[in-house]
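So this one's model_26.cif, mmCIF, C-alpha atoms:
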data_query
#
loop_
_atom_site.label_atom_id
_atom_site.label_comp_id
_atom_site.auth_asym_id
_atom_site.auth_seq_id
_atom_site.Cartn_x
_atom_site.Cartn_y
_atom_site.Cartn_z
CA MET A 945 -54.27 0.39 -68.53
CA SER A 946 -51.08 1.81 -69.98
CA ASP A 947 -48.59 -0.34 -71.89
CA THR A 948 -45.96 0.26 -69.21
CA HIS A 949 -48.26 -1.44 -66.73
CA ARG A 950 -49.62 -4.08 -69.07
CA ASN A 951 -46.19 -5.35 -70.06
CA ALA A 952 -44.41 -4.94 -66.75
CA PRO A 953 -43.58 -8.12 -64.85
CA ASP A 954 -45.18 -8.62 -61.43
CA GLU A 955 -41.95 -7.74 -59.64
CA GLU A 956 -41.74 -4.39 -61.44
CA LEU A 957 -45.33 -3.52 -60.54
CA LEU A 958 -44.67 -4.47 -56.93
CA ARG A 959 -41.64 -2.17 -56.92
CA ARG A 960 -43.87 0.69 -58.12
CA VAL A 961 -46.38 -0.11 -55.40
CA ARG A 962 -43.65 0.04 -52.74
CA GLU A 963 -42.25 3.29 -54.09
CA ASP A 964 -45.56 5.09 -54.12
CA PRO A 965 -47.92 3.09 -51.87
CA ASP A 966 -50.45 5.88 -51.40
CA GLY A 967 -50.00 7.77 -54.64
CA ALA A 968 -51.57 7.53 -58.06
CA ALA A 969 -48.65 5.56 -59.52
CA GLY A 970 -48.89 2.97 -56.75
CA ARG A 971 -52.65 2.64 -57.16
CA ALA A 972 -52.29 2.21 -60.90
CA ALA A 973 -49.69 -0.51 -60.34
CA ILE A 974 -51.95 -2.32 -57.85
CA GLU A 975 -54.84 -2.10 -60.28
CA ALA A 976 -52.66 -3.53 -63.05
CA LEU A 977 -51.26 -6.25 -60.81
CA LEU A 978 -54.56 -7.49 -59.44
CA GLY A 979 -56.30 -6.81 -62.73
CA ARG A 980 -54.11 -9.33 -64.50
CA TYR A 981 -54.97 -12.04 -61.95
CA MET A 982 -58.64 -11.16 -61.60
CA GLU A 983 -59.91 -13.77 -64.06
CA ARG A 984 -57.64 -16.46 -62.68
CA ILE A 985 -58.88 -15.77 -59.17
CA TYR A 986 -62.49 -15.97 -60.28
CA LEU A 987 -62.02 -19.09 -62.41
CA TYR A 988 -60.22 -20.91 -59.62
CA CYS A 989 -63.06 -20.08 -57.25
CA PHE A 990 -65.70 -21.01 -59.82
CA ARG A 991 -64.11 -24.38 -60.50
CA MET A 992 -63.95 -25.07 -56.81
CA VAL A 993 -67.52 -24.14 -55.93
CA ARG A 994 -69.32 -24.52 -59.31
CA ASP A 995 -71.58 -21.60 -58.57
CA ARG A 996 -71.24 -18.14 -60.08
CA ASP A 997 -72.52 -16.12 -57.13
CA ARG A 998 -70.52 -18.04 -54.60
CA ALA A 999 -67.41 -17.86 -56.78
CA LEU A 1000 -67.84 -14.13 -57.16
CA ASP A 1001 -68.14 -13.72 -53.40
CA LEU A 1002 -64.98 -15.75 -52.86
CA ALA A 1003 -63.09 -13.92 -55.60
CA GLN A 1004 -64.15 -10.57 -54.21
CA GLU A 1005 -63.14 -11.51 -50.68
CA SER A 1006 -59.81 -12.82 -51.97
CA MET A 1007 -59.10 -9.60 -53.83
CA ILE A 1008 -59.92 -7.52 -50.78
CA ASP A 1009 -57.67 -9.74 -48.68
CA ALA A 1010 -54.92 -9.22 -51.24
CA LEU A 1011 -55.39 -5.45 -51.21
CA ARG A 1012 -55.25 -5.41 -47.43
CA GLY A 1013 -52.31 -7.78 -47.27
CA LEU A 1014 -50.22 -6.14 -49.96
CA PRO A 1015 -48.42 -3.75 -47.57
CA GLY A 1016 -47.22 -6.79 -45.63
CA PHE A 1017 -46.09 -8.71 -48.72
CA GLU A 1018 -42.33 -8.74 -48.56
CA GLY A 1019 -41.65 -10.20 -51.98
CA ARG A 1020 -39.99 -13.38 -50.69
CA ALA A 1021 -42.49 -15.39 -52.71
CA ARG A 1022 -43.65 -15.01 -56.28
CA PHE A 1023 -46.65 -12.70 -56.27
CA ALA A 1024 -48.68 -15.41 -58.04
CA SER A 1025 -48.00 -17.97 -55.31
CA TRP A 1026 -48.78 -15.45 -52.56
CA LEU A 1027 -52.08 -14.65 -54.27
CA PHE A 1028 -52.74 -18.34 -54.81
CA ALA A 1029 -52.31 -18.95 -51.08
CA ILE A 1030 -54.95 -16.31 -50.35
CA VAL A 1031 -57.45 -17.68 -52.85
CA ARG A 1032 -56.83 -21.26 -51.80
CA ASN A 1033 -57.32 -20.35 -48.15
CA ARG A 1034 -60.61 -18.66 -48.97
CA CYS A 1035 -61.83 -21.65 -50.97
CA ARG A 1036 -60.69 -24.18 -48.41
CA THR A 1037 -62.49 -22.29 -45.68
CA ALA A 1038 -65.63 -22.18 -47.80
CA LEU A 1039 -65.55 -25.87 -48.68
CA ARG A 1040 -66.16 -28.37 -45.98
CA PRO A 1041 -63.46 -31.04 -46.03
CA ARG A 1042 -64.62 -34.23 -47.69
CA SER A 1043 -64.78 -37.35 -45.66
CA LEU A 1044 -62.08 -39.82 -46.49
CA THR A 1045 -64.34 -42.81 -46.88
CA ARG A 1046 -67.76 -41.32 -47.64
CA ASP A 1047 -68.50 -38.90 -50.41
CA ASP A 1048 -71.87 -38.09 -51.97
CA GLU A 1049 -70.23 -37.11 -55.25
CA VAL A 1050 -68.61 -40.50 -55.65
CA GLU A 1051 -70.70 -43.62 -55.90
CA THR A 1052 -70.05 -45.58 -52.78
CA ASP A 1053 -72.23 -48.62 -53.37
CA GLU A 1054 -69.69 -51.09 -52.13
CA LEU A 1055 -68.30 -48.80 -49.45
CA SER A 1056 -71.31 -47.40 -47.70
CA ASP A 1057 -72.48 -49.22 -44.62
CA GLY A 1058 -75.45 -46.92 -44.28
CA GLY A 1059 -74.62 -46.03 -40.71
CA ALA A 1060 -72.25 -43.89 -38.74
CA ASN A 1061 -68.73 -43.81 -40.06
CA PRO A 1062 -66.31 -43.77 -37.15
CA GLU A 1063 -63.29 -44.02 -39.45
CA ALA A 1064 -64.15 -40.80 -41.22
CA LEU A 1065 -64.64 -38.96 -37.96
CA TRP A 1066 -61.44 -40.41 -36.65
CA ILE A 1067 -59.48 -39.30 -39.71
CA GLU A 1068 -60.94 -35.82 -39.45
CA ARG A 1069 -59.74 -35.63 -35.86
CA GLU A 1070 -56.34 -37.02 -36.69
CA GLY A 1071 -55.89 -34.53 -39.52
CA GLU A 1072 -53.71 -34.33 -42.56
CA ALA A 1073 -50.59 -35.97 -41.17
CA ARG A 1074 -52.48 -39.19 -40.55
CA LEU A 1075 -54.09 -39.03 -43.98
CA GLU A 1076 -50.75 -38.45 -45.62
CA ARG A 1077 -49.22 -41.50 -44.00
CA LEU A 1078 -52.19 -43.64 -44.94
CA VAL A 1079 -52.34 -42.61 -48.56
CA MET A 1080 -48.59 -42.93 -49.03
CA GLU A 1081 -48.59 -46.41 -47.58
CA HIS A 1082 -51.60 -47.75 -49.42
CA LEU A 1083 -52.26 -45.85 -52.66
CA GLU A 1084 -50.68 -45.44 -56.07
CA PRO A 1085 -49.30 -41.94 -56.81
CA LEU A 1086 -52.24 -40.84 -58.98
CA GLU A 1087 -54.72 -42.16 -56.42
CA GLN A 1088 -52.80 -40.28 -53.73
CA SER A 1089 -53.13 -37.01 -55.59
CA ALA A 1090 -56.81 -37.57 -56.34
CA ILE A 1091 -57.79 -38.41 -52.78
CA TRP A 1092 -55.73 -35.52 -51.44
CA LEU A 1093 -57.31 -33.01 -53.80
CA ARG A 1094 -60.75 -34.29 -52.88
CA CYS A 1095 -60.41 -34.69 -49.12
CA VAL A 1096 -58.00 -31.89 -48.21
CA GLU A 1097 -58.35 -29.31 -50.96
CA GLY A 1098 -62.08 -29.97 -51.32
CA MET A 1099 -61.76 -29.98 -55.10
CA PRO A 1100 -64.80 -31.15 -57.13
CA VAL A 1101 -64.37 -34.49 -58.87
CA ASP A 1102 -64.62 -33.03 -62.40
CA GLU A 1103 -61.95 -30.49 -61.57
CA ILE A 1104 -59.65 -33.22 -60.23
CA THR A 1105 -60.06 -35.02 -63.56
CA ARG A 1106 -59.00 -31.81 -65.36
CA VAL A 1107 -56.15 -30.86 -63.03
CA LEU A 1108 -54.61 -34.34 -63.00
CA GLY A 1109 -55.27 -34.92 -66.71
CA VAL A 1110 -57.03 -38.23 -66.01
CA GLU A 1111 -58.01 -39.71 -69.37
CA SER A 1112 -59.94 -42.83 -68.40
CA ALA A 1113 -63.67 -42.91 -69.06
CA SER A 1114 -64.62 -42.58 -65.43
CA GLY A 1115 -62.11 -39.79 -64.83
CA ALA A 1116 -61.13 -39.09 -61.23
CA ARG A 1117 -64.33 -40.76 -60.03
CA GLY A 1118 -62.89 -44.20 -60.71
CA LEU A 1119 -59.59 -43.29 -59.06
CA LEU A 1120 -61.40 -42.04 -55.98
CA GLN A 1121 -63.55 -45.15 -55.73
CA THR A 1122 -60.47 -47.36 -55.83
CA ALA A 1123 -58.61 -45.14 -53.39
CA ARG A 1124 -61.49 -45.10 -50.92
CA ARG A 1125 -61.86 -48.89 -51.11
CA LYS A 1126 -58.16 -49.39 -50.38
CA LEU A 1127 -58.18 -46.88 -47.56
CA ARG A 1128 -61.23 -48.35 -45.97
CA ALA A 1129 -59.63 -51.77 -46.03
CA ALA A 1130 -56.42 -50.34 -44.57
CA LEU A 1131 -58.32 -48.54 -41.84
CA SER A 1132 -60.19 -51.69 -41.00
CA ARG A 1133 -56.93 -53.63 -40.69
CA GLU A 1134 -55.42 -50.94 -38.50
CA GLU A 1135 -58.49 -50.88 -36.30
CA GLN A 1136 -58.19 -54.63 -35.78
CA THR A 1137 -54.50 -54.47 -34.97
CA GLY A 1138 -54.88 -51.37 -32.77
CA LYS A 1139 -52.53 -49.29 -34.90
CA GLY A 1140 -53.28 -45.58 -35.18
CA GLU A 1141 -55.70 -45.19 -32.30
CA PRO A 1142 -57.26 -41.72 -32.12
CA ASP A 1143 -55.93 -41.12 -28.62
CA GLY A 1144 -52.42 -40.91 -29.99
CA THR A 1145 -51.30 -44.35 -28.86
CA ARG A 1146 -50.13 -45.47 -32.27
CA MET B 1406 -46.60 -17.05 -44.68
CA GLU B 1407 -48.46 -20.32 -44.38
CA ARG B 1408 -46.43 -23.48 -44.08
CA ASP B 1409 -48.02 -26.72 -45.15
CA ARG B 1410 -45.89 -28.72 -42.75
CA GLU B 1411 -42.62 -29.21 -44.57
CA PHE B 1412 -43.60 -27.01 -47.51
CA SER B 1413 -44.03 -23.31 -47.62
CA ILE B 1414 -46.68 -22.03 -49.99
CA GLU B 1415 -44.25 -19.29 -50.95
CA GLU B 1416 -41.98 -21.91 -52.52
CA LEU B 1417 -44.64 -22.97 -55.00
CA GLY B 1418 -43.96 -20.37 -57.67
CA GLU B 1419 -40.28 -21.16 -57.63
CA ILE B 1420 -40.75 -24.94 -57.53
CA ALA B 1421 -43.22 -24.85 -60.42
CA GLU B 1422 -40.56 -23.24 -62.60
CA LEU B 1423 -37.95 -25.93 -61.91
CA SER B 1424 -37.45 -28.78 -64.35
CA SER B 1425 -39.27 -31.97 -63.44
CA ASP B 1426 -36.00 -33.76 -62.62
CA HIS B 1427 -34.65 -31.03 -60.35
CA PRO B 1428 -33.92 -32.52 -56.90
CA ARG B 1429 -35.92 -29.83 -55.08
CA ARG B 1430 -38.94 -30.38 -57.24
CA ARG B 1431 -38.66 -34.15 -56.98
CA GLU B 1432 -38.50 -33.84 -53.21
CA PHE B 1433 -41.51 -31.54 -53.24
CA GLU B 1434 -43.49 -33.91 -55.44
CA ARG B 1435 -42.62 -36.94 -53.36
CA SER B 1436 -45.67 -36.52 -51.18
CA PRO B 1437 -49.35 -36.24 -52.12
CA ARG B 1438 -49.41 -32.85 -50.40
CA GLY B 1439 -46.66 -31.48 -52.62
CA ARG B 1440 -48.15 -32.92 -55.82
CA ALA B 1441 -51.61 -31.65 -54.94
CA LEU B 1442 -50.30 -28.17 -54.19
CA LEU B 1443 -48.38 -28.00 -57.43
CA ALA B 1444 -51.35 -29.26 -59.43
CA THR B 1445 -53.71 -26.71 -57.89
CA TYR B 1446 -51.16 -23.92 -58.26
CA ARG B 1447 -50.73 -24.73 -61.95
CA SER B 1448 -54.49 -24.77 -62.45
CA PHE B 1449 -54.61 -21.33 -60.81
CA VAL B 1450 -51.85 -19.82 -62.94
CA ASN B 1451 -52.95 -21.50 -66.19
CA PRO B 1452 -56.68 -21.92 -65.86
CA GLY B 1453 -57.28 -22.75 -69.52
CA ALA B 1454 -60.38 -21.73 -71.41
CA ALA B 1455 -63.47 -20.93 -69.41
CA GLY B 1456 -66.80 -22.36 -70.50
CA ALA B 1457 -69.84 -20.11 -70.89
CA GLU B 1458 -71.22 -21.54 -67.65
CA ALA B 1459 -68.52 -19.67 -65.72
CA GLY B 1460 -70.01 -16.27 -66.56
CA LEU B 1461 -66.55 -14.80 -66.87
CA GLU B 1462 -67.57 -11.55 -68.58
CA GLN B 1463 -69.96 -10.58 -65.82
CA ALA B 1464 -67.49 -11.57 -63.13
CA ARG B 1465 -64.77 -9.51 -64.76
CA ALA B 1466 -66.99 -6.41 -64.73
CA HIS B 1467 -67.85 -6.94 -61.04
CA LEU B 1468 -64.26 -7.43 -60.00
CA GLN B 1469 -62.96 -4.51 -62.04
CA ALA B 1470 -65.57 -2.29 -60.38
CA LEU B 1471 -64.48 -3.63 -57.02
CA LEU B 1472 -60.85 -2.80 -57.74
CA VAL B 1473 -61.66 0.74 -58.79
CA ARG B 1474 -63.86 1.25 -55.75
CA GLU B 1475 -61.39 -0.22 -53.26
CA LEU B 1476 -58.52 1.79 -54.69
CA GLY B 1477 -60.53 4.94 -54.15
CA GLN B 1478 -60.62 5.89 -57.78
CA SER B 1479 -63.94 7.09 -59.06
CA ALA B 1480 -62.64 6.36 -62.55
CA GLY B 1481 -59.60 4.55 -63.89
CA PRO B 1482 -57.02 6.16 -66.11
CA ALA B 1483 -58.97 5.32 -69.27
CA ALA B 1484 -62.17 6.82 -67.97
CA ALA B 1485 -60.32 9.90 -66.72
CA GLY B 1486 -58.83 10.36 -70.17
CA ALA B 1487 -62.20 10.00 -71.79
CA ALA B 1488 -63.65 12.59 -69.44
CA GLY B 1489 -60.87 14.99 -70.30
CA GLU B 1490 -61.61 14.61 -73.98
CA ARG B 1491 -65.33 15.17 -73.59
CA ARG B 1492 -66.59 17.75 -76.04
CA PRO B 1493 -68.73 20.67 -74.89
CA PRO B 1494 -72.43 20.36 -75.66
CA SER B 1495 -73.23 21.62 -79.09
CA ASN B 1496 -76.25 23.59 -77.91
CA SER B 1497 -74.90 26.14 -75.38
CA TRP B 1498 -77.04 27.24 -72.47
CA SER B 1499 -76.23 30.27 -70.37
CA TRP B 1500 -75.73 29.81 -66.61
CA ARG B 1501 -78.96 31.77 -66.12
CA SER B 1502 -80.91 29.16 -68.07
CA TRP B 1503 -79.45 26.39 -65.84
CA ALA B 1504 -80.25 28.38 -62.70
CA ALA B 1505 -83.86 28.81 -63.78
CA LEU B 1506 -84.25 25.12 -64.49
CA ARG B 1507 -82.50 23.91 -61.34
CA PRO B 1508 -85.65 23.24 -59.22
CA VAL B 1509 -87.29 21.36 -62.09
CA LEU B 1510 -84.13 19.31 -62.67
CA ALA B 1511 -83.79 18.55 -58.96
CA LEU B 1512 -87.37 17.25 -58.88
CA ALA B 1513 -86.74 15.17 -62.01
CA VAL B 1514 -83.61 13.67 -60.49
CA MET B 1515 -85.50 12.76 -57.30
CA VAL B 1516 -88.22 11.04 -59.33
CA ILE B 1517 -85.65 9.13 -61.38
CA VAL B 1518 -83.71 8.02 -58.27
CA ALA B 1519 -86.89 6.90 -56.51
CA ALA B 1520 -88.03 4.98 -59.60
CA GLY B 1521 -84.58 3.44 -59.94
CA ALA B 1522 -84.59 2.33 -56.32
CA TRP B 1523 -88.04 0.78 -56.74
CA VAL B 1524 -86.97 -1.07 -59.90
CA ALA B 1525 -83.83 -2.29 -58.13
CA THR B 1526 -85.82 -3.72 -55.24
CA GLN B 1527 -88.18 -5.46 -57.66
CA HIS B 1528 -85.41 -7.04 -59.69
CA ARG B 1529 -82.86 -7.95 -57.08
CA GLY B 1530 -81.43 -11.26 -58.19
CA ALA B 1531 -78.46 -13.19 -59.51
CA SER B 1532 -77.89 -10.84 -62.41
CA ASN B 1533 -77.90 -7.73 -60.24
CA PRO B 1534 -74.60 -5.96 -60.98
CA VAL B 1535 -74.46 -4.29 -57.56
CA LEU B 1536 -71.31 -5.34 -55.72
CA ARG B 1537 -71.97 -7.86 -53.04
CA GLY B 1538 -71.13 -7.32 -49.41
CA ARG B 1539 -68.46 -9.09 -47.45
CA ARG B 1540 -70.43 -10.81 -44.77
CA VAL B 1541 -69.25 -14.28 -43.94
CA GLY B 1542 -71.49 -17.27 -43.33
CA GLY B 1543 -74.67 -15.24 -43.01
CA THR B 1544 -73.41 -13.22 -40.04
CA VAL B 1545 -73.64 -9.45 -39.87
CA GLU B 1546 -70.59 -7.27 -40.20
CA LEU B 1547 -68.77 -6.18 -37.08
CA ALA B 1548 -67.13 -2.72 -37.08
CA LEU B 1549 -63.55 -2.44 -35.89
CA HIS B 1550 -62.10 0.70 -34.29
CA ALA B 1551 -58.65 1.95 -35.21
CA PRO B 1552 -55.99 0.28 -33.00
CA ARG B 1553 -54.62 2.59 -30.31
CA ALA B 1554 -51.31 2.54 -28.43
CA THR B 1555 -51.89 2.88 -24.68
CA ALA B 1556 -49.75 2.58 -21.57
CA GLU B 1557 -50.90 -1.04 -21.29
CA GLY B 1558 -49.96 -1.94 -24.86
CA LEU B 1559 -51.83 -1.98 -28.14
CA GLU B 1560 -55.58 -1.61 -27.64
CA LEU B 1561 -57.86 -3.26 -30.16
CA SER B 1562 -61.53 -2.42 -29.85
CA TRP B 1563 -64.72 -2.80 -31.82
CA GLU B 1564 -68.40 -2.03 -31.75
CA PRO B 1565 -70.23 -4.29 -29.31
CA VAL B 1566 -72.69 -6.73 -30.87
CA ALA B 1567 -76.11 -7.14 -29.25
CA GLY B 1568 -76.46 -10.58 -27.73
CA ALA B 1569 -72.80 -11.54 -28.00
CA ASP B 1570 -71.33 -13.17 -24.92
CA ARG B 1571 -67.79 -13.48 -26.26
CA TYR B 1572 -65.50 -12.10 -28.88
CA GLU B 1573 -62.68 -13.99 -30.55
CA VAL B 1574 -59.75 -12.13 -32.08
CA ALA B 1575 -57.67 -13.89 -34.73
CA PHE B 1576 -54.46 -12.73 -36.36
CA PHE B 1577 -53.44 -13.70 -39.87
CA ALA B 1578 -50.40 -13.32 -42.11
CA SER B 1579 -50.85 -11.38 -45.30
CA ASP B 1580 -51.83 -14.60 -47.11
CA LEU B 1581 -54.45 -15.32 -44.44
CA GLY B 1582 -52.40 -18.10 -42.91
CA ASP B 1583 -53.20 -18.43 -39.20
CA LEU B 1584 -50.74 -16.65 -36.90
CA ALA B 1585 -52.39 -16.44 -33.51
CA HIS B 1586 -55.70 -16.46 -31.67
CA ALA B 1587 -56.20 -14.34 -28.56
CA PRO B 1588 -58.15 -15.86 -25.67
CA ALA B 1589 -61.87 -15.08 -26.03
CA THR B 1590 -63.03 -11.97 -24.23
CA SER B 1591 -66.47 -10.81 -23.16
CA GLU B 1592 -65.52 -7.14 -23.55
CA PRO B 1593 -65.42 -5.39 -26.92
CA ARG B 1594 -61.74 -4.67 -26.48
CA LEU B 1595 -58.46 -6.48 -26.19
CA VAL B 1596 -55.13 -5.10 -25.07
CA LEU B 1597 -52.06 -6.72 -26.55
CA SER B 1598 -49.16 -6.39 -24.18
CA LEU B 1599 -46.12 -5.74 -26.33
CA ALA B 1600 -43.94 -7.45 -23.75
CA THR B 1601 -45.92 -10.68 -23.94
CA LEU B 1602 -47.36 -10.88 -27.43
CA PRO B 1603 -49.27 -14.05 -28.29
CA SER B 1604 -47.06 -16.67 -29.89
CA GLY B 1605 -46.97 -16.05 -33.64
CA LEU B 1606 -46.95 -12.25 -33.39
CA THR B 1607 -43.73 -10.29 -33.47
CA ARG B 1608 -42.96 -6.65 -32.87
CA GLY B 1609 -42.42 -4.58 -36.00
CA SER B 1610 -44.56 -6.82 -38.19
CA THR B 1611 -47.77 -6.03 -40.03
CA VAL B 1612 -50.51 -8.60 -39.64
CA LEU B 1613 -54.24 -8.80 -40.27
CA TRP B 1614 -56.74 -9.00 -37.42
CA GLN B 1615 -60.35 -10.08 -37.40
CA VAL B 1616 -62.97 -10.25 -34.68
CA SER B 1617 -65.83 -12.74 -34.46
CA ALA B 1618 -68.75 -12.24 -32.07
CA ARG B 1619 -70.52 -15.32 -30.71
CA ARG B 1620 -73.33 -16.25 -28.42
CA GLY B 1621 -72.39 -19.69 -27.17
CA ASP B 1622 -71.41 -21.58 -30.29
CA THR B 1623 -73.54 -19.45 -32.57
CA PRO B 1624 -71.63 -16.92 -34.69
CA LEU B 1625 -73.38 -13.56 -34.65
CA ALA B 1626 -71.05 -11.19 -36.45
CA GLN B 1627 -67.65 -11.04 -38.01
CA SER B 1628 -65.44 -8.13 -38.98
CA GLU B 1629 -63.42 -7.84 -42.13
CA THR B 1630 -59.72 -8.51 -41.84
CA SER B 1631 -57.89 -5.29 -41.14
CA PRO B 1632 -54.17 -4.49 -41.15
CA LEU B 1633 -52.44 -4.07 -37.81
CA GLN B 1634 -48.96 -2.66 -37.42
CA ILE B 1635 -47.39 -4.03 -34.26
CA PRO B 1636 -44.99 -1.35 -32.96
#
How would this structure read if it were set down as C-alpha cells?
Amino acid sequence: MSDTHRNAPDEELLRRVREDPDGAAGRAAIEALLGRYMERIYLYCFRMVRDRDRALDLAQESMIDALRGLPGFEGRARFASWLFAIVRNRCRTALRPRSLTRDDEVETDELSDGGANPEALWIEREGEARLERLVMEHLEPLEQSAIWLRCVEGMPVDEITRVLGVESASGARGLLQTARRKLRAALSREEQTGKGEPDGTR
Amino acid sequence: MERDREFSIEELGEIAELSSDHPRRREFERSPRGRALLATYRSFVNPGAAGAEAGLEQARAHLQALLVRELGQSAGPAAAGAAGERRPPSNSWSWRSWAALRPVLALAVMVIVAAGAWVATQHRGASNPVLRGRRVGGTVELALHAPRATAEGLELSWEPVAGADRYEVAFFASDLGDLAHAPATSEPRLVLSLATLPSGLTRGSTVLWQVSARRGDTPLAQSETSPLQIP
C-alpha cells in the first residue's frame, strides 16, 4: 500500500473511491480503506462468537457487504460507524438473542425454576422497547448496560467485562446475576398487578 | 441507514468524539441502548491487543486475499511491482527448447495439480487457507439474475430452487438495515411496480436485495445481497 493511501483519512479515501469507482485508483482506495479496518472487523467478530472459523465467516461476509454497499454509502456517517453497523448487524443475526431471565453462561441457581419460562418468551415477543423500560426502571446504570449487551447485543460475558471495564472479581457475571434477579422480581410483580400484559393492554 | 429507535447508528462516530459532558452525548448515553451502542462501537474502533487465541495473523491473510479477489485484482500494487522487477532467468533457454518440452511440462503440471487436489481433499480442515464460501445457515446459494426494466416495472428474477414452494425477497440499506420485504411469491420472479414501491424503497436510491427460498418453514437456499438501483 502506498504512503498516500496509508496516511490518508477515511474521508479522503472515500473521495478517491467516488472519483474513480471502477478504475485502479478507486480500487486501491477501497483496498486501503477496508484493509485498515480488516483486523478490527475480525476481532469484533471473534470476540462476539469466540470461534475463529465462525468469526472469519462473519468478517468475510461483513467485508463483502461493505464492498457491495459502498456505492450506496453517501458519507453522512463516519465510515467507521457505517462499517460498524454492518459488522454488528452480521453478528447480531448470527447470535441468538439471550433470554432476559435465563442464561446458560450465567449461573442461575437462585433464578432457575427448572421449567418453562413464560417471562422470557413474553419479553422476547414484547421486544426491546419493553426491555428498555424495565431495565431503566429497575436496574443501576452499569447493570443496565450489562444486561443490554448480553440480551440485545448478544455479547459474551467476558467481553462485557472488558467493554464495560468491570473490575470486580466476578466481572460482568455478578452484574448480570444481580440484574436478572431484580428483573425477575419486577416481572413477577408486574404479572401479579397485570401491568405489561403481552397483548398490549398495559 | 438503520435507526435504533431514537438513535441512528450513523450518529455513533460523531457522538463518540464529543466530550463526555456534551449535551448530545449525555442524551445519547441516558438510555441503556445508547450506552451499549457506544461501548460496542468503541470496542470495534479500539479493539486493544488480540490474544494468540484469536488467530489474527491467519485471519488477516484470509481477509487480504478476499479483498484482492473481490476487487478483481490478481495482485495488489506491491505484488505488481515485484513482478515488474523480476529478473530474467540466469540460464537462458531458446523458444525452441520450450516448445520441445511443452508436452512433458503439460503432463507434469497435470500430475502436480491432481496430486495437489488429492492432498487438499485429504487435509481439508480448520487450517485450510482456501477462502470460505458465503452460504448462510447451511443453505445452498441461490443465483440472482440481473434486474431488468420492463413495461410492468423493475423485474427481479433468480434461478428456481428445487423443492422451494415460496421465495422471499428482502431489501436492505447499505449497512444491511432492513428496508422492506416483498410479499412471498411462488414464482422465481418479482416485479416491482415503480408507481407503488413497497414502503421503505424510494425511486433513485440504491439498495441491496436478497432472495431466500423456503419449503414451508424450512430454508433451502439464500442468495448473496446484491445492489439494486431503483430507477
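You will find CA of Thr1601 in chain B at 16.7 Å from CA of Leu1633 in chain B.
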Please identify every residue of chain B that has at least one atom no farther than 8 Å from an atom of chain A, counting all atoms listed in the file, and for each give the shortest atom pair and the distance in Å to one decimal, arranged by chain then increasing number, as a Markdown table.
| residue | atom | partner | partner_atom | distance |
| --- | --- | --- | --- | --- |
| B:Glu1407 | CA | A:Ala1029 | CA | 7.8 |
| B:Ile1414 | CA | A:Ala1029 | CA | 6.5 |
| B:Glu1415 | CA | A:Ala1021 | CA | 4.6 |
| B:Glu1416 | CA | A:Ala1021 | CA | 6.5 |
| B:Leu1417 | CA | A:Ser1025 | CA | 6.0 |
| B:Gly1418 | CA | A:Ser1025 | CA | 5.3 |
| B:Glu1419 | CA | A:Arg1022 | CA | 7.1 |
| B:Ser1436 | CA | A:Met1080 | CA | 7.4 |
| B:Pro1437 | CA | A:Ser1089 | CA | 5.2 |
| B:Arg1438 | CA | A:Trp1092 | CA | 6.9 |
| B:Arg1440 | CA | A:Ser1089 | CA | 6.4 |
| B:Ala1441 | CA | A:Ser1089 | CA | 5.6 |
| B:Ala1444 | CA | A:Val1107 | CA | 6.2 |
| B:Thr1445 | CA | A:Val1107 | CA | 7.0 |
| B:Tyr1446 | CA | A:Phe1028 | CA | 6.7 |
| B:Ser1448 | CA | A:Val1107 | CA | 6.3 |
| B:Phe1449 | CA | A:Tyr988 | CA | 5.8 |
| B:Val1450 | CA | A:Arg984 | CA | 6.7 |
| B:Asn1451 | CA | A:Arg984 | CA | 7.7 |
| B:Pro1452 | CA | A:Arg984 | CA | 6.4 |
| B:Ala1455 | CA | A:Leu987 | CA | 7.4 |
| B:Ala1459 | CA | A:Arg996 | CA | 6.4 |
| B:Gly1460 | CA | A:Arg996 | CA | 6.9 |
| B:Leu1461 | CA | A:Glu983 | CA | 7.3 |
| B:Ala1464 | CA | A:Leu1000 | CA | 6.5 |
| B:Arg1465 | CA | A:Glu983 | CA | 6.5 |
| B:Leu1468 | CA | A:Gln1004 | CA | 6.6 |
| B:Gln1469 | CA | A:Gly979 | CA | 7.1 |
| B:Leu1471 | CA | A:Gln1004 | CA | 7.5 |
| B:Leu1472 | CA | A:Glu975 | CA | 6.6 |
| B:Val1473 | CA | A:Glu975 | CA | 7.5 |
| B:Glu1475 | CA | A:Ile1008 | CA | 7.8 |
| B:Leu1476 | CA | A:Arg971 | CA | 6.4 |
| B:Pro1482 | CA | A:Met945 | CA | 6.8 |
| B:Ala1483 | CA | A:Met945 | CA | 6.9 |
| B:Ala1531 | CA | A:Asp997 | CA | 7.0 |
| B:Arg1537 | CA | A:Asp1001 | CA | 7.0 |
| B:Arg1539 | CA | A:Glu1005 | CA | 6.7 |
| B:Ala1578 | CA | A:Gly1013 | CA | 7.8 |
| B:Ser1579 | CA | A:Gly1013 | CA | 4.4 |
| B:Asp1580 | CA | A:Ile1030 | CA | 4.8 |
| B:Leu1581 | CA | A:Ile1030 | CA | 6.0 |
| B:Gly1582 | CA | A:Asn1033 | CA | 7.5 |
| B:Ser1610 | CA | A:Gly1016 | CA | 7.9 |
| B:Thr1611 | CA | A:Gly1016 | CA | 5.7 |
| B:Val1612 | CA | A:Gly1016 | CA | 7.1 |
| B:Leu1613 | CA | A:Gly1013 | CA | 7.3 |
| B:Thr1630 | CA | A:Asp1009 | CA | 7.2 |
| B:Ser1631 | CA | A:Arg1012 | CA | 6.8 |
| B:Pro1632 | CA | A:Arg1012 | CA | 6.4 |
| note | Correct to one decimal, the distance CA of Gln1627 in chain B-CA of Gln1615 in chain B is 7.4 Å
| Which protein, DNA or RNA residues are at most 10 Å from (-58.3, 1.8, -35.5) in the file's coordinates when you count only C-alpha atoms, listed as a PyMOL selection string? | chain B and resi 1549-1554+1560-1563+1631-1633
| remark: Expressed in Å, the length from CA of Thr1037 in chain A to CA of Arg1124 in chain A is 23.4 Å
| Within 12 Å of (-69.0, -7.0, -27.3), all atoms listed in the file: residues as a PyMOL selection string? | chain B and resi 1547-1549+1562-1574+1589-1595+1616-1620+1625-1627
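The smallest atom-to-atom distance between Leu1083 in chain A and any of A:Lys1126, A:Glu1135, A:Leu977, A:Leu958, using only C-alpha atoms, is found for A:Lys1126.
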| task | Could you tell me which residues the PyMOL selection byres ((chain B and resi 1609) around 6) grabs in this file, written as an MDAnalysis selection string? | result | chainID B and resid 1608 1610 1635:1636
